[in-house]
Amino acid sequence: MAICRRNDGKLQMRRAQPGKLTREAEQAFLAAVGATCNMSLAAAAVGSCFNAFKRRRDTDPAFARELRLALAQGYERLEMALHESGLAASHEHAEWRRNDPPPIPPMGVNQALQLMYLHQKEARLLGEPAAARRRRGESSEAHCERLVQMAEERRRRAREAFELAEAERWARGLPAWGPAGAEARERLGLPDLAQVTGWSRADPDKAPHDPGRALFGGWRIEDMEKKMDPGSDPG
């Protein structure tokens, strides 16, 4: 059964015609989108045409909202799957390491030294990321400026992520990150640094500093000007 709206605006329950969308078809479509983030695949899995769900999205605000949520969930699942495939524990591209390497083909000393020279940075040193390489036709000044902007953007995003994490921790009533935080202190075996005494050599019973006197001894400039004879030569 399917609920449709008549020409006079009233709702009516009718038997769904072949190829028409039902509530079960909508729920199955949304579930497939939330799993794959692929609306064409989800429509084919349900057995309907994608244009039918597209028309339903354009005419039904509730269905459009649920479709946005399903797309967000599917996108997050894809993102997590990509992250997991890149982890060292995924072993997605590690089959070659389980077999003995084939023998080295015949080559001369010059060929071996040339190959070592070409791949020394990648194999032994830190290889240059693709985004940081100089582009074709790019001047040295533009290349340096782009690298500076990339570094500033990385620092800005790192600072933004830290500020968001700090705001969430403060909202939950947790202490700030760093050595004074509860998690870091427990991991390092440190006491609460705010309660540690004896690290400062300042005398708490000492009278506060007199603002009228120089902090490190000597004369203040204004005091010297007052004591100087107006008729004398400053030099």
# chains A, B, ... in the order shown; residues from 1 in each chain; ligands from 1
>>> residues_around(residues="Ala70 (chain A)", least_positions_apart="4", cutoff="6 Å", atoms="only C-alpha atoms", output="ChimeraX atom specification")
/A:30,33-34
>>> select_by_dssp(residues="region 7-197 of chain A", states="alpha helix (DSSP H)", output="number ranges by chain")
A: 23-36, 39-46, 50-59, 61-85, 109-118, 120-123, 140-171, 182-188
>>> atom_distance(atom1="CA of Ala94 (chain A)", atom2="CA of Glu76 (chain A)")
25.5 Å
>>> atom_distance(atom1="CA of Phe29 (chain A)", atom2="CA of Ala43 (chain A)")
6.0 Å
>>> atom_distance(atom1="CA of Ala35 (chain A)", atom2="CA of Arg77 (chain A)")
7.1 Å
>>> decode(residues="region 159-170 of chain A", atoms="all heavy atoms", output="CSV table (one decimal), in the first residue's frame")
chain,number,residue,atom,x,y,z
A,159,ARG,N,45.7,24.1,14.8
A,159,ARG,CA,45.3,25.0,15.8
A,159,ARG,C,43.7,24.9,16.0
A,159,ARG,O,43.2,24.9,17.1
A,159,ARG,CB,45.7,26.4,15.6
A,159,ARG,CG,45.4,27.4,16.7
A,159,ARG,CD,46.1,28.7,16.5
A,159,ARG,NE,45.7,29.3,15.2
A,159,ARG,CZ,46.5,29.4,14.2
A,159,ARG,NH1,47.7,28.9,14.2
A,159,ARG,NH2,46.1,30.0,13.1
A,160,GLU,N,43.0,24.9,14.9
A,160,GLU,CA,41.6,24.8,14.9
A,160,GLU,C,41.1,23.5,15.5
A,160,GLU,O,40.2,23.5,16.3
A,160,GLU,CB,41.0,25.0,13.5
A,160,GLU,CG,39.5,25.0,13.4
A,160,GLU,CD,39.0,25.1,12.0
A,160,GLU,OE1,39.3,24.1,11.2
A,160,GLU,OE2,38.5,26.1,11.6
A,161,ALA,N,41.7,22.4,15.1
A,161,ALA,CA,41.4,21.1,15.7
A,161,ALA,C,41.6,21.1,17.2
A,161,ALA,O,40.9,20.6,18.0
A,161,ALA,CB,42.1,20.0,15.0
A,162,PHE,N,42.8,21.7,17.6
A,162,PHE,CA,43.1,21.8,19.1
A,162,PHE,C,42.0,22.6,19.8
A,162,PHE,O,41.6,22.2,20.9
A,162,PHE,CB,44.5,22.3,19.3
A,162,PHE,CG,44.8,22.6,20.7
A,162,PHE,CD1,45.2,21.5,21.5
A,162,PHE,CD2,44.8,23.8,21.3
A,162,PHE,CE1,45.5,21.7,22.9
A,162,PHE,CE2,45.1,24.0,22.6
A,162,PHE,CZ,45.5,23.0,23.4
A,163,GLU,N,41.6,23.8,19.3
A,163,GLU,CA,40.7,24.6,19.9
A,163,GLU,C,39.3,23.9,20.0
A,163,GLU,O,38.6,24.1,21.0
A,163,GLU,CB,40.6,25.9,19.2
A,163,GLU,CG,41.8,26.8,19.2
A,163,GLU,CD,41.7,28.0,18.4
A,163,GLU,OE1,40.7,28.1,17.6
A,163,GLU,OE2,42.6,28.9,18.4
A,164,LEU,N,38.9,23.2,19.0
A,164,LEU,CA,37.7,22.5,19.0
A,164,LEU,C,37.7,21.4,20.1
A,164,LEU,O,36.7,21.2,20.9
A,164,LEU,CB,37.3,21.9,17.7
A,164,LEU,CG,37.0,22.9,16.6
A,164,LEU,CD1,36.8,22.1,15.3
A,164,LEU,CD2,35.7,23.6,16.9
A,165,ALA,N,38.8,20.7,20.2
A,165,ALA,CA,39.0,19.6,21.2
A,165,ALA,C,39.0,20.2,22.6
A,165,ALA,O,38.4,19.7,23.5
A,165,ALA,CB,40.2,18.8,21.0
A,166,GLU,N,39.6,21.4,22.8
A,166,GLU,CA,39.6,22.1,24.1
A,166,GLU,C,38.2,22.5,24.5
A,166,GLU,O,37.8,22.4,25.6
A,166,GLU,CB,40.6,23.3,24.0
A,166,GLU,CG,42.0,22.9,24.1
A,166,GLU,CD,42.4,22.4,25.5
A,166,GLU,OE1,42.3,21.2,25.8
A,166,GLU,OE2,42.8,23.3,26.3
A,167,ALA,N,37.5,23.1,23.5
A,167,ALA,CA,36.1,23.5,23.8
A,167,ALA,C,35.2,22.3,24.2
A,167,ALA,O,34.4,22.5,25.1
A,167,ALA,CB,35.5,24.2,22.6
A,168,GLU,N,35.4,21.2,23.5
A,168,GLU,CA,34.6,20.0,23.9
A,168,GLU,C,35.0,19.5,25.3
A,168,GLU,O,34.1,19.1,26.1
A,168,GLU,CB,34.7,19.0,22.9
A,168,GLU,CG,34.1,19.3,21.5
A,168,GLU,CD,34.4,18.2,20.5
A,168,GLU,OE1,35.0,17.2,20.8
A,168,GLU,OE2,33.9,18.4,19.3
A,169,ARG,N,36.3,19.5,25.6
A,169,ARG,CA,36.7,19.1,26.9
A,169,ARG,C,36.2,20.0,28.0
A,169,ARG,O,35.7,19.6,29.1
A,169,ARG,CB,38.2,19.0,26.9
A,169,ARG,CG,38.8,17.8,26.1
A,169,ARG,CD,40.3,17.8,26.1
A,169,ARG,NE,40.8,17.6,27.5
A,169,ARG,CZ,40.9,16.4,28.1
A,169,ARG,NH1,40.6,15.3,27.4
A,169,ARG,NH2,41.4,16.3,29.3
A,170,TRP,N,36.3,21.3,27.8
A,170,TRP,CA,35.8,22.3,28.8
A,170,TRP,C,34.3,22.1,28.9
A,170,TRP,O,33.7,22.2,30.1
A,170,TRP,CB,36.1,23.7,28.4
A,170,TRP,CG,37.5,24.1,28.7
A,170,TRP,CD1,38.5,24.3,27.8
A,170,TRP,CD2,38.1,24.3,30.0
A,170,TRP,NE1,39.7,24.6,28.4
A,170,TRP,CE2,39.5,24.6,29.8
A,170,TRP,CE3,37.6,24.2,31.3
A,170,TRP,CZ2,40.3,24.9,30.8
A,170,TRP,CZ3,38.5,24.4,32.3
A,170,TRP,CH2,39.8,24.8,32.1
